[in-house]
file my_file-v9.txt (compact mmCIF, C-alpha atoms and all ligand atoms)
# COMPACT_ATOMS: atom_id res chain seq x y z
CA MET A 23 -14.64 7.73 -9.80
CA LEU A 24 -12.11 5.46 -8.21
CA GLY A 25 -9.39 4.54 -10.62
CA TRP A 26 -6.51 6.66 -11.72
CA ASP A 27 -6.48 7.87 -15.25
CA TYR A 28 -3.50 5.75 -16.14
CA ARG A 29 -1.23 7.01 -18.86
CA PHE A 30 1.65 4.95 -20.10
CA GLY A 31 4.98 6.19 -21.26
CA LEU A 32 7.29 9.14 -21.26
CA ALA A 33 5.57 11.22 -23.95
CA GLU A 34 2.65 12.04 -21.66
CA ILE A 35 4.98 13.35 -18.96
CA GLU A 36 5.92 16.25 -21.24
CA ARG A 37 2.47 17.72 -20.74
CA GLU A 38 2.34 17.41 -16.97
CA ARG A 39 2.99 19.89 -14.17
CA ALA A 40 3.40 17.15 -11.58
CA TRP A 41 2.85 13.40 -11.61
CA VAL A 42 3.43 10.05 -9.93
CA GLU A 43 5.58 7.55 -11.81
CA ILE A 44 4.78 3.91 -11.15
CA ASN A 45 7.21 1.21 -12.16
CA PRO A 46 5.57 -2.19 -12.79
CA VAL A 47 9.02 -3.77 -13.15
CA ALA A 48 9.68 -2.96 -9.50
CA ILE A 49 6.32 -4.41 -8.41
CA ALA A 50 6.98 -7.65 -10.31
CA HIS A 51 10.49 -7.83 -8.86
CA ASN A 52 9.15 -7.37 -5.31
CA VAL A 53 6.51 -10.08 -5.80
CA ARG A 54 9.21 -12.53 -6.92
CA GLN A 55 11.38 -11.53 -3.96
CA ILE A 56 8.52 -12.20 -1.53
CA ARG A 57 7.70 -15.52 -3.24
CA ARG A 58 11.24 -16.73 -2.48
CA LEU A 59 10.37 -16.78 1.20
CA LEU A 60 7.24 -18.88 0.58
CA LEU A 61 6.72 -22.59 0.02
CA PRO A 62 5.45 -23.32 -3.50
CA GLN A 63 2.02 -24.23 -2.11
CA THR A 64 1.71 -21.04 -0.02
CA ALA A 65 -0.51 -18.47 -1.72
CA LEU A 66 0.40 -14.79 -1.97
CA MET A 67 -2.43 -12.29 -1.59
CA ALA A 68 -1.45 -8.91 -3.00
CA ILE A 69 -3.04 -6.24 -0.80
CA VAL A 70 -4.17 -3.51 -3.18
CA LYS A 71 -6.54 -1.54 -0.92
CA ALA A 72 -6.51 2.27 -1.00
CA ASP A 73 -5.83 2.15 -4.72
CA ALA A 74 -2.82 -0.08 -4.15
CA TYR A 75 -1.35 2.25 -1.51
CA GLY A 76 -1.62 5.11 -4.01
CA HIS A 77 0.06 3.22 -6.87
CA GLY A 78 -3.11 2.47 -8.88
CA ALA A 79 -4.92 -0.79 -8.12
CA PRO A 80 -5.64 -2.25 -11.59
CA LEU A 81 -2.04 -1.96 -12.78
CA VAL A 82 -0.55 -3.26 -9.53
CA ALA A 83 -3.07 -6.13 -9.32
CA GLN A 84 -2.42 -7.23 -12.90
CA THR A 85 1.35 -6.99 -12.44
CA ALA A 86 1.33 -8.87 -9.12
CA LEU A 87 -0.86 -11.67 -10.51
CA GLU A 88 1.46 -12.13 -13.47
CA ALA A 89 4.50 -12.23 -11.17
CA GLY A 90 3.24 -14.87 -8.71
CA ALA A 91 0.38 -13.57 -6.56
CA SER A 92 -2.89 -15.51 -6.81
CA TRP A 93 -5.27 -13.56 -4.56
CA LEU A 94 -6.10 -9.86 -4.19
CA GLY A 95 -7.15 -8.08 -1.00
CA VAL A 96 -9.05 -4.78 -0.87
CA ALA A 97 -10.75 -2.83 1.91
CA THR A 98 -14.08 -1.95 0.31
CA ILE A 99 -16.64 -3.22 -2.19
CA PRO A 100 -16.05 -0.34 -4.69
CA GLU A 101 -12.35 -1.19 -4.66
CA GLY A 102 -13.23 -4.78 -5.56
CA ILE A 103 -15.64 -3.70 -8.30
CA GLU A 104 -12.98 -1.46 -9.82
CA LEU A 105 -10.70 -4.49 -10.19
CA ARG A 106 -13.50 -6.60 -11.75
CA GLU A 107 -14.33 -3.76 -14.16
CA SER A 108 -10.70 -3.66 -15.23
CA GLY A 109 -11.05 -7.29 -16.29
CA ILE A 110 -9.40 -9.08 -13.36
CA SER A 111 -10.86 -12.51 -12.57
CA ALA A 112 -8.63 -13.60 -9.65
CA PRO A 113 -10.31 -14.15 -6.27
CA ILE A 114 -10.75 -10.89 -4.33
CA LEU A 115 -11.16 -10.74 -0.55
CA ILE A 116 -12.88 -7.71 1.00
CA LEU A 117 -10.92 -7.12 4.23
CA GLY A 118 -13.39 -4.60 5.69
CA ALA A 119 -16.69 -5.42 7.36
CA VAL A 120 -19.96 -5.64 5.44
CA ASN A 121 -23.30 -5.13 7.19
CA THR A 122 -26.19 -4.60 4.78
CA PRO A 123 -28.10 -6.89 2.39
CA GLU A 124 -27.39 -4.40 -0.42
CA GLN A 125 -23.66 -4.85 0.16
CA VAL A 126 -24.04 -8.64 0.15
CA ARG A 127 -25.92 -8.49 -3.15
CA ALA A 128 -23.16 -6.35 -4.71
CA ILE A 129 -20.55 -8.81 -3.45
CA ALA A 130 -22.39 -11.78 -4.99
CA ARG A 131 -22.99 -10.03 -8.31
CA TRP A 132 -19.33 -9.01 -8.68
CA GLN A 133 -18.02 -12.34 -7.39
CA LEU A 134 -16.16 -10.79 -4.50
CA GLN A 135 -15.52 -12.64 -1.24
CA PRO A 136 -16.45 -11.00 2.07
CA THR A 137 -15.02 -11.19 5.56
CA VAL A 138 -17.52 -12.33 8.20
CA CYS A 139 -16.68 -10.74 11.53
CA SER A 140 -19.57 -11.81 13.76
CA PRO A 141 -22.55 -14.18 14.02
CA LYS A 142 -24.83 -11.19 13.36
CA GLN A 143 -23.12 -10.50 10.04
CA ALA A 144 -23.29 -14.21 9.17
CA PHE A 145 -27.10 -14.13 9.57
CA ILE A 146 -27.40 -10.99 7.42
CA PHE A 147 -25.24 -12.60 4.71
CA SER A 148 -27.20 -15.83 4.74
CA GLU A 149 -30.59 -14.13 4.59
CA ALA A 150 -29.51 -11.87 1.75
CA MET A 151 -28.13 -14.86 -0.18
CA ALA A 152 -31.36 -16.84 0.35
CA GLU A 153 -33.13 -14.31 -1.88
CA LEU A 154 -30.49 -14.57 -4.61
CA THR A 155 -31.51 -17.99 -5.85
CA GLU A 156 -29.38 -17.76 -8.99
CA PHE A 157 -26.16 -17.76 -6.93
CA ALA A 158 -24.22 -20.65 -5.42
CA PRO A 159 -23.38 -20.41 -1.68
CA LEU A 160 -21.32 -17.29 -0.96
CA PRO A 161 -17.63 -18.00 -0.20
CA VAL A 162 -16.82 -16.27 3.11
CA HIS A 163 -13.72 -15.72 5.23
CA LEU A 164 -14.06 -15.84 9.03
CA LYS A 165 -12.18 -13.16 10.93
CA LEU A 166 -10.91 -13.92 14.42
CA ASP A 167 -9.71 -11.26 16.84
CA THR A 168 -6.56 -12.70 18.45
CA GLY A 169 -5.38 -9.44 20.01
CA MET A 170 -5.59 -6.63 17.45
CA SER A 171 -8.93 -5.59 19.01
CA ARG A 172 -10.29 -4.41 15.69
CA LEU A 173 -12.56 -6.56 13.50
CA GLY A 174 -13.47 -10.15 14.22
CA THR A 175 -14.91 -12.55 16.76
CA ASP A 176 -12.89 -13.17 19.92
CA TRP A 177 -10.61 -16.19 19.39
CA GLN A 178 -12.10 -17.95 22.41
CA ASP A 179 -15.51 -17.97 20.69
CA ALA A 180 -14.09 -19.33 17.43
CA PRO A 181 -15.59 -22.88 17.55
CA ALA A 182 -19.17 -21.64 18.13
CA PHE A 183 -18.72 -18.97 15.45
CA ALA A 184 -17.42 -21.49 12.90
CA GLN A 185 -20.19 -23.98 13.74
CA LEU A 186 -22.83 -21.30 13.27
CA VAL A 187 -21.50 -20.19 9.88
CA ARG A 188 -21.22 -23.79 8.73
CA SER A 189 -24.84 -24.39 9.67
CA LEU A 190 -26.04 -21.56 7.40
CA PRO A 191 -27.05 -23.01 4.03
CA HIS A 192 -26.07 -20.08 1.82
CA LEU A 193 -22.51 -19.58 3.07
CA LYS A 194 -19.36 -21.56 2.46
CA ILE A 195 -16.27 -21.08 4.65
CA VAL A 196 -13.19 -20.54 2.45
CA SER A 197 -10.69 -19.36 5.04
CA ILE A 198 -10.19 -18.43 8.67
CA TYR A 199 -7.87 -15.56 9.41
CA SER A 200 -6.64 -13.01 11.91
CA HIS A 201 -4.50 -9.87 11.83
CA LEU A 202 -1.35 -9.01 13.81
CA ALA A 203 -0.97 -5.81 15.81
CA THR A 204 2.80 -5.61 16.36
CA ALA A 205 4.50 -7.65 13.62
CA ASP A 206 6.67 -4.65 12.65
CA GLU A 207 8.13 -4.27 16.14
CA PRO A 208 11.45 -5.92 17.04
CA ASP A 209 9.97 -7.44 20.24
CA PRO A 210 8.02 -10.49 19.01
CA SER A 211 6.17 -11.31 22.25
CA VAL A 212 2.73 -9.89 21.37
CA MET A 213 2.93 -11.40 17.87
CA ARG A 214 3.78 -14.81 19.33
CA GLN A 215 0.88 -14.51 21.77
CA GLN A 216 -1.45 -13.78 18.84
CA GLN A 217 -0.01 -16.72 16.89
CA HIS A 218 -0.58 -18.98 19.92
CA ARG A 219 -4.20 -17.81 20.25
CA PHE A 220 -4.75 -18.36 16.52
CA GLU A 221 -3.46 -21.93 16.80
CA GLN A 222 -5.59 -22.58 19.89
CA ALA A 223 -8.67 -21.31 18.05
CA ILE A 224 -7.94 -23.48 15.00
CA ALA A 225 -7.38 -26.56 17.18
CA ALA A 226 -10.72 -25.91 18.93
CA ILE A 227 -12.46 -25.51 15.55
CA ARG A 228 -11.02 -28.87 14.46
CA ARG A 229 -12.24 -30.48 17.68
CA VAL A 230 -15.84 -29.59 16.81
CA GLY A 231 -15.39 -31.37 13.49
CA ILE A 232 -14.67 -28.49 11.13
CA GLN A 233 -11.61 -28.72 8.89
CA PRO A 234 -10.67 -25.10 8.15
CA PRO A 235 -9.94 -24.89 4.41
CA GLN A 236 -7.32 -22.10 4.42
CA LEU A 237 -5.56 -20.25 7.23
CA HIS A 238 -3.79 -16.89 7.03
CA LEU A 239 -2.29 -14.46 9.52
CA ALA A 240 0.79 -12.67 8.10
CA ASN A 241 1.09 -9.09 6.81
CA SER A 242 4.36 -7.93 5.19
CA ALA A 243 6.30 -7.75 8.45
CA ALA A 244 5.26 -11.25 9.57
CA THR A 245 5.93 -12.62 6.06
CA LEU A 246 9.50 -11.32 6.30
CA THR A 247 9.94 -12.47 9.90
CA ASP A 248 9.18 -16.20 10.08
CA PRO A 249 7.87 -18.93 7.71
CA ALA A 250 5.94 -20.40 10.68
CA LEU A 251 3.59 -17.41 10.33
CA HIS A 252 2.83 -18.04 6.64
CA TYR A 253 0.20 -20.83 7.01
CA ASP A 254 -1.64 -21.30 3.66
CA MET A 255 -1.42 -17.70 2.48
CA VAL A 256 0.31 -14.41 3.28
CA ARG A 257 -1.29 -11.00 2.84
CA THR A 258 1.42 -8.57 1.80
CA GLY A 259 0.91 -4.89 1.12
CA LEU A 260 3.85 -2.62 1.87
CA ALA A 261 6.58 -5.03 0.71
CA LEU A 262 4.95 -5.24 -2.74
CA TYR A 263 5.56 -1.54 -3.09
CA GLY A 264 9.24 -1.93 -2.30
CA LEU A 265 9.37 -0.58 1.24
CA SER A 266 10.49 -2.42 4.34
CA PRO A 267 7.84 -2.65 7.06
CA ALA A 268 10.48 -2.08 9.75
CA PRO A 269 14.16 -1.06 9.98
CA HIS A 270 15.14 -4.43 11.49
CA LEU A 271 13.64 -6.22 8.43
CA GLN A 272 15.40 -4.02 5.87
CA HIS A 273 17.95 -6.65 4.87
CA VAL A 274 15.67 -9.67 4.52
CA LEU A 275 14.85 -8.99 0.85
CA ASP A 276 16.06 -6.78 -1.96
CA LEU A 277 12.91 -4.66 -2.33
CA ARG A 278 12.75 -1.79 -4.82
CA PRO A 279 10.41 1.20 -4.41
CA ALA A 280 7.90 1.40 -7.27
CA LEU A 281 6.68 4.97 -6.87
CA GLN A 282 8.29 8.32 -7.64
CA VAL A 283 6.78 11.78 -7.30
CA LYS A 284 7.98 14.40 -9.75
CA ALA A 285 7.09 17.96 -10.70
CA ARG A 286 8.35 20.75 -12.89
CA ILE A 287 9.97 24.05 -12.09
CA THR A 288 7.54 26.80 -13.10
CA GLN A 289 9.61 29.93 -12.37
CA VAL A 290 13.22 30.74 -11.40
CA LYS A 291 14.23 34.12 -9.98
CA THR A 292 16.62 35.92 -7.65
CA ILE A 293 15.35 37.00 -4.23
CA PRO A 294 17.35 39.67 -2.34
CA ALA A 295 18.56 39.20 1.25
CA GLY A 296 16.02 39.75 4.04
CA ARG A 297 12.87 38.84 2.08
CA GLY A 298 10.17 36.63 3.55
CA VAL A 299 9.22 33.62 1.39
CA SER A 300 5.62 32.31 1.16
CA TYR A 301 2.73 32.48 3.63
CA GLY A 302 3.64 33.53 7.17
CA TYR A 303 7.25 34.33 6.21
CA ARG A 304 8.42 31.08 7.82
CA PHE A 305 11.61 31.45 5.78
CA VAL A 306 13.52 34.72 5.44
CA THR A 307 16.36 34.81 2.91
CA PRO A 308 19.67 35.08 4.85
CA ARG A 309 21.36 36.38 1.67
CA SER A 310 20.43 36.96 -1.91
CA LEU A 311 19.49 33.58 -3.39
CA ARG A 312 18.28 31.89 -6.53
CA MET A 313 14.80 30.54 -5.93
CA ALA A 314 12.73 28.07 -7.96
CA VAL A 315 8.96 27.67 -7.74
CA VAL A 316 7.69 24.09 -8.30
CA GLY A 317 4.16 23.18 -9.42
CA ILE A 318 3.20 20.78 -6.64
CA GLY A 319 1.75 21.39 -3.18
CA TYR A 320 -0.26 19.99 -0.32
CA ALA A 321 -3.35 19.53 -2.50
CA ASP A 322 -1.27 16.94 -4.35
CA GLY A 323 -0.21 15.16 -1.16
CA VAL A 324 3.06 16.87 -0.24
CA PRO A 325 2.45 17.32 3.51
CA ARG A 326 2.51 20.99 4.57
CA GLN A 327 4.23 19.81 7.74
CA LEU A 328 7.37 19.22 5.63
CA THR A 329 7.78 23.01 5.25
CA ASN A 330 11.49 23.94 5.60
CA ARG A 331 12.17 20.27 6.49
CA MET A 332 12.41 18.54 3.13
CA GLN A 333 14.83 18.22 0.26
CA VAL A 334 14.26 17.38 -3.39
CA LEU A 335 16.52 16.09 -6.15
CA ILE A 336 17.46 18.09 -9.24
CA ARG A 337 20.17 16.94 -11.67
CA GLY A 338 21.19 14.28 -9.13
CA GLN A 339 21.76 16.84 -6.37
CA ARG A 340 19.93 17.51 -3.10
CA VAL A 341 18.19 20.88 -2.91
CA LYS A 342 16.50 22.50 0.13
CA GLN A 343 12.81 23.38 0.20
CA ILE A 344 12.16 26.87 1.66
CA GLY A 345 9.06 28.72 2.89
CA THR A 346 5.59 27.40 3.68
CA ILE A 347 4.41 24.67 1.29
CA THR A 348 1.24 26.01 -0.36
CA MET A 349 -1.75 24.25 -1.88
CA ASP A 350 -0.37 23.97 -5.42
CA GLN A 351 3.23 25.16 -5.22
CA LEU A 352 6.41 25.08 -3.18
CA MET A 353 9.73 26.88 -3.32
CA LEU A 354 13.38 25.74 -3.42
CA ASP A 355 16.75 27.37 -2.82
CA VAL A 356 18.56 26.53 -6.06
CA SER A 357 21.52 28.87 -5.58
CA ASP A 358 23.96 25.96 -6.10
CA LEU A 359 22.48 24.95 -9.47
CA PRO A 360 23.55 27.26 -12.29
CA ASN A 361 21.40 27.89 -15.36
CA LEU A 362 18.33 26.18 -13.99
CA THR A 363 15.30 26.89 -16.15
CA GLU A 364 11.54 26.56 -16.15
CA GLY A 365 10.37 23.09 -17.12
CA GLU A 366 13.17 21.16 -15.45
CA VAL A 367 12.07 18.09 -13.52
CA VAL A 368 12.26 17.93 -9.73
CA THR A 369 12.11 14.57 -7.92
CA LEU A 370 10.32 14.85 -4.58
CA LEU A 371 10.27 11.11 -3.84
CA GLY A 372 12.40 8.70 -5.82
CA TRP A 373 15.87 8.62 -7.25
CA ASP A 374 18.11 10.78 -9.38
CA GLY A 375 21.71 9.71 -10.03
CA SER A 376 22.98 8.13 -6.83
CA GLU A 377 20.63 10.08 -4.55
CA ARG A 378 17.40 8.66 -3.10
CA ILE A 379 14.53 10.15 -1.15
CA THR A 380 12.07 7.55 0.16
CA ALA A 381 8.65 7.53 1.79
CA ASP A 382 10.52 6.40 4.91
CA ASP A 383 12.49 9.68 4.90
CA TRP A 384 9.27 11.71 4.88
CA ALA A 385 7.67 9.40 7.44
CA ASN A 386 10.64 9.79 9.79
CA THR A 387 10.54 13.59 9.53
CA LEU A 388 6.79 13.62 10.18
CA ASN A 389 6.82 10.96 12.89
CA THR A 390 4.45 8.73 10.94
CA ILE A 391 4.73 5.57 8.80
CA SER A 392 5.51 5.07 5.11
CA TRP A 393 2.06 3.50 4.56
CA GLU A 394 0.44 6.88 5.29
CA ILE A 395 2.84 8.77 3.00
CA LEU A 396 2.15 6.46 0.03
CA CYS A 397 -1.64 6.70 0.49
CA GLY A 398 -1.45 10.50 0.63
CA PHE A 399 -0.88 11.31 -3.05
CA LYS A 400 -4.05 12.72 -4.51
CA HIS A 401 -5.96 12.02 -7.70
CA ARG A 402 -4.87 15.37 -9.13
CA LEU A 403 -1.49 13.77 -9.82
CA PRO A 404 -1.78 11.52 -12.87
CA ARG A 405 -0.24 8.09 -12.43
CA ILE A 406 2.12 7.35 -15.28
CA ALA A 407 3.48 3.86 -15.73
CA VAL A 408 7.14 3.82 -16.68
CA SER A 409 8.91 0.47 -16.96
CA ALA A 410 12.58 0.70 -16.09
CA PRO A 411 15.03 -1.30 -13.98
CA PRO A 412 14.58 0.29 -10.51
CA PRO A 413 17.87 1.06 -8.75
CA LYS A 414 18.92 -0.87 -5.69
CA SER A 415 18.08 0.92 -2.47
CA ASN A 416 21.05 2.14 -0.44
CA SER A 417 20.32 -0.28 2.37
CA ALA A 418 19.64 -3.47 0.43
CA SER A 419 22.28 -6.06 1.15
CA VAL A 420 20.73 -9.04 -0.63
CA GLU A 421 21.76 -9.67 -4.21
CA SER A 422 18.84 -9.72 -6.62
CA LYS A 423 20.28 -12.62 -8.69
CA GLY A 424 18.82 -11.26 -11.86
CA ASP A 425 15.21 -11.26 -10.67
CA LEU A 426 14.66 -7.88 -12.22
CA TYR A 427 14.68 -8.91 -15.83
CA PHE A 428 12.11 -11.33 -17.13
C1 LIG A 501 -3.59 -3.77 5.07
C2 LIG A 501 -3.66 -5.18 5.54
C3 LIG A 501 -2.63 -6.09 5.26
C4 LIG A 501 -1.32 -5.68 4.60
O1 LIG A 501 -0.48 -5.03 5.53
P1 LIG A 501 1.04 -4.63 5.14
O2 LIG A 501 1.65 -4.31 6.44
O3 LIG A 501 0.96 -3.44 4.24
O4 LIG A 501 1.64 -5.81 4.48
C5 LIG A 501 -2.81 -7.41 5.63
N1 LIG A 501 -3.95 -7.82 6.26
C6 LIG A 501 -4.95 -6.96 6.56
C7 LIG A 501 -6.16 -7.47 7.25
C8 LIG A 501 -4.84 -5.62 6.22
O5 LIG A 501 -5.83 -4.78 6.53
call {"tool": "encode", "arguments": {"input": "my_file-v9.txt", "output": "structure tokens"}}
result
Amino acid sequence: MLGWDYRFGLAEIERERAWVEINPVAIAHNVRQIRRLLLPQTALMAIVKADAYGHGAPLVAQTALEAGASWLGVATIPEGIELRESGISAPILILGAVNTPEQVRAIARWQLQPTVCSPKQAFIFSEAMAELTEFAPLPVHLKLDTGMSRLGTDWQDAPAFAQLVRSLPHLKIVSIYSHLATADEPDPSVMRQQQHRFEQAIAAIRRVGIQPPQLHLANSAATLTDPALHYDMVRTGLALYGLSPAPHLQHVLDLRPALQVKARITQVKTIPAGRGVSYGYRFVTPRSLRMAVVGIGYADGVPRQLTNRMQVLIRGQRVKQIGTITMDQLMLDVSDLPNLTEGEVVTLLGWDGSERITADDWANTLNTISWEILCGFKHRLPRIAVSAPPPKSNSASVESKGDLYF
């Protein structure tokens, strides 16, 4: 159900109407770039939730582990099981909350590691584990709320929470962590307040005689911002995929996008002046124009809100999208491209010649974030792994020093 039907190589693309190309070389490059910011003893957890932000979790996980990550983070139990079924044995943290004995049993059986957010959850975990006599104590990760106001126990209650979990015979504390709410914003004050609360909580836990084994706080933005936020491990998602978590962090590393979205032209024709194009006639031809229909639409994850507001790349040139984006198809004004024919490849996100269109471009147009764009590509698009040196992004100012080639 979960995983993408991965197909490797260029031959398969010939059969496809539309597809997502994933470049494991870019993922490996990004992992090595991130590792440069870390001390050798600092662990890198590759966040591969939501099917690795739409890139395909098993391939990304495998690639990241080979390139220098040692932990994996997912949101849900099925996401963790999918990685185990693909043969991955690295430790996997479930970032989301777990509340039922059935979930705890699945976690133990698949050797996943849960987050404990409250004393109530700790009791449920311990009781469920008591019945599973064949298992060793369950490794758990305590989540503190230092200001995100999402999951976790309030940082001021951290010592009592840690003492309680330690007193439960079937649980073993592996790490204590928290999550930052504003690490991608240029003003660091809220992030520093959260860091201060985290340190206060850890100091209080030490005072009651508990040595926390591992501490972690940083997402991609915090990882790129300050080594003081790295602690024993960083949890990076977006940066793995080659996107900067914020404009002001764009120049910290040479990150390369790993995902491209491509589709084929399915019909080319001339439309006379004054004709409405697509549902609602939201585009009317100002003159006679050459129009191309492309076999991709909002059911594939191209947001309908991009209607008349997006461009694509064909033969290294920018081309305007026209008329309402429909479920399976969209239209282009290709008047400037002579002799265009059915079957030619259109790049919706990615690169062609010296031109680039990134998830950030779509996110800016739609007033959202690149994370949401990447997660939006649907299962109808096959993921095809294509290993190639990914081009430098226009904004990258840091030299890659040959990282790209192993
Ligand atoms: C998703 C997530 C991350 C990764 O965030 P990025 O900004 O993509 O690096 C880290 N920690 C937690 C708890 C998360 O849910």
call {"tool": "residues_near_ligand", "arguments": {"input": "my_file-v9.txt", "ligand": "ligand LIG 501 (chain A)", "cutoff": "7 Å", "atoms": "all atoms listed in the file", "output": "list in words"}}
result
Ile69, Leu117, His201, Ala240, Asn241, Ser242, Ala243, Arg257, Thr258, Gly259, Leu260, Ala261 and Pro267 of chain A
call {"tool": "write_last_selection", "arguments": {"input": "my_file-v9.txt", "atoms": "C-alpha atoms", "output": "short mmCIF file (atom, residue, chain, number, x, y, z; two decimals), in the coordinates of the input"}}
result
data_model
loop_
_atom_site.label_atom_id
_atom_site.label_comp_id
_atom_site.auth_asym_id
_atom_site.auth_seq_id
_atom_site.Cartn_x
_atom_site.Cartn_y
_atom_site.Cartn_z
CA ILE A 69 -3.04 -6.24 -0.80
CA LEU A 117 -10.92 -7.12 4.23
CA HIS A 201 -4.50 -9.87 11.83
CA ALA A 240 0.79 -12.67 8.10
CA ASN A 241 1.09 -9.09 6.81
CA SER A 242 4.36 -7.93 5.19
CA ALA A 243 6.30 -7.75 8.45
CA ARG A 257 -1.29 -11.00 2.84
CA THR A 258 1.42 -8.57 1.80
CA GLY A 259 0.91 -4.89 1.12
CA LEU A 260 3.85 -2.62 1.87
CA ALA A 261 6.58 -5.03 0.71
CA PRO A 267 7.84 -2.65 7.06
#
call {"tool": "residues_around", "arguments": {"input": "my_file-v9.txt", "residues": "Ile379 of chain A", "least_positions_apart": "5", "cutoff": "12 Å", "atoms": "only C-alpha atoms", "output": "list in words"}}
result
Pro279, Leu281, Gln282, Val283, Lys284, Met332, Gln333, Val334, Leu335, Ile336, Gly338, Gln339, Arg340, Val341, Val368, Thr369, Leu370, Leu371, Gly372, Trp373, Asp374, Trp384, Ala385, Asn386, Thr387, Ser415 and Asn416 of chain A
call {"tool": "residues_around", "arguments": {"input": "my_file-v9.txt", "residues": "segment 224-231 of chain A", "least_positions_apart": "2", "cutoff": "8 Å", "atoms": "all atoms listed in the file", "output": "JSON, numbers by chain"}}
result
{"A": [180, 181, 184, 185, 220, 221, 222, 233, 234]}
call {"tool": "atom_distance", "arguments": {"input": "my_file-v9.txt", "atom1": "atom CA of Ala410 of chain A", "atom2": "atom CA of Ala48 of chain A"}}
result
8.1 Å
call {"tool": "residues_around", "arguments": {"input": "my_file-v9.txt", "residues": "Thr348 of chain A", "least_positions_apart": "4", "cutoff": "9 Å", "atoms": "all atoms listed in the file", "output": "MDAnalysis selection string"}}
result
chainID A and resid 300:301 318:321 326 352
call {"tool": "build_atoms", "arguments": {"input": "my_file-v9.txt", "residues": "segment 231-244 of chain A", "atoms": "N, CA and C atoms", "output": "PDB file, in the coordinates of the input"}}
result
ATOM      1  N   GLY A 231     -15.134 -30.658  14.737  1.00  0.00           N
ATOM      2  CA  GLY A 231     -15.390 -31.370  13.490  1.00  0.00           C
ATOM      3  C   GLY A 231     -15.348 -30.521  12.232  1.00  0.00           C
ATOM      4  N   ILE A 232     -14.770 -29.334  12.326  1.00  0.00           N
ATOM      5  CA  ILE A 232     -14.670 -28.490  11.130  1.00  0.00           C
ATOM      6  C   ILE A 232     -13.214 -28.435  10.688  1.00  0.00           C
ATOM      7  N   GLN A 233     -12.961 -28.836   9.449  1.00  0.00           N
ATOM      8  CA  GLN A 233     -11.610 -28.720   8.890  1.00  0.00           C
ATOM      9  C   GLN A 233     -11.500 -27.359   8.216  1.00  0.00           C
ATOM     10  N   PRO A 234     -10.757 -26.413   8.788  1.00  0.00           N
ATOM     11  CA  PRO A 234     -10.670 -25.100   8.150  1.00  0.00           C
ATOM     12  C   PRO A 234      -9.958 -25.224   6.805  1.00  0.00           C
ATOM     13  N   PRO A 235     -10.560 -24.713   5.728  1.00  0.00           N
ATOM     14  CA  PRO A 235      -9.940 -24.890   4.410  1.00  0.00           C
ATOM     15  C   PRO A 235      -8.602 -24.164   4.287  1.00  0.00           C
ATOM     16  N   GLN A 236      -8.562 -22.862   4.565  1.00  0.00           N
ATOM     17  CA  GLN A 236      -7.320 -22.100   4.420  1.00  0.00           C
ATOM     18  C   GLN A 236      -7.132 -21.244   5.654  1.00  0.00           C
ATOM     19  N   LEU A 237      -5.863 -21.098   6.080  1.00  0.00           N
ATOM     20  CA  LEU A 237      -5.560 -20.250   7.230  1.00  0.00           C
ATOM     21  C   LEU A 237      -4.584 -19.161   6.808  1.00  0.00           C
ATOM     22  N   HIS A 238      -4.789 -17.935   7.305  1.00  0.00           N
ATOM     23  CA  HIS A 238      -3.790 -16.890   7.030  1.00  0.00           C
ATOM     24  C   HIS A 238      -3.744 -15.856   8.143  1.00  0.00           C
ATOM     25  N   LEU A 239      -2.537 -15.341   8.379  1.00  0.00           N
ATOM     26  CA  LEU A 239      -2.290 -14.460   9.520  1.00  0.00           C
ATOM     27  C   LEU A 239      -1.299 -13.329   9.186  1.00  0.00           C
ATOM     28  N   ALA A 240      -0.385 -13.552   8.233  1.00  0.00           N
ATOM     29  CA  ALA A 240       0.790 -12.670   8.100  1.00  0.00           C
ATOM     30  C   ALA A 240       0.537 -11.464   7.203  1.00  0.00           C
ATOM     31  N   ASN A 241       0.932 -10.288   7.661  1.00  0.00           N
ATOM     32  CA  ASN A 241       1.090  -9.090   6.810  1.00  0.00           C
ATOM     33  C   ASN A 241       2.545  -9.085   6.311  1.00  0.00           C
ATOM     34  N   SER A 242       2.986  -7.965   5.729  1.00  0.00           N
ATOM     35  CA  SER A 242       4.360  -7.930   5.190  1.00  0.00           C
ATOM     36  C   SER A 242       5.395  -8.241   6.267  1.00  0.00           C
ATOM     37  N   ALA A 243       5.269  -7.591   7.417  1.00  0.00           N
ATOM     38  CA  ALA A 243       6.300  -7.750   8.450  1.00  0.00           C
ATOM     39  C   ALA A 243       6.387  -9.211   8.896  1.00  0.00           C
ATOM     40  N   ALA A 244       5.242  -9.845   9.132  1.00  0.00           N
ATOM     41  CA  ALA A 244       5.260 -11.250   9.570  1.00  0.00           C
ATOM     42  C   ALA A 244       5.773 -12.152   8.453  1.00  0.00           C
TER      43      ALA A 244
END
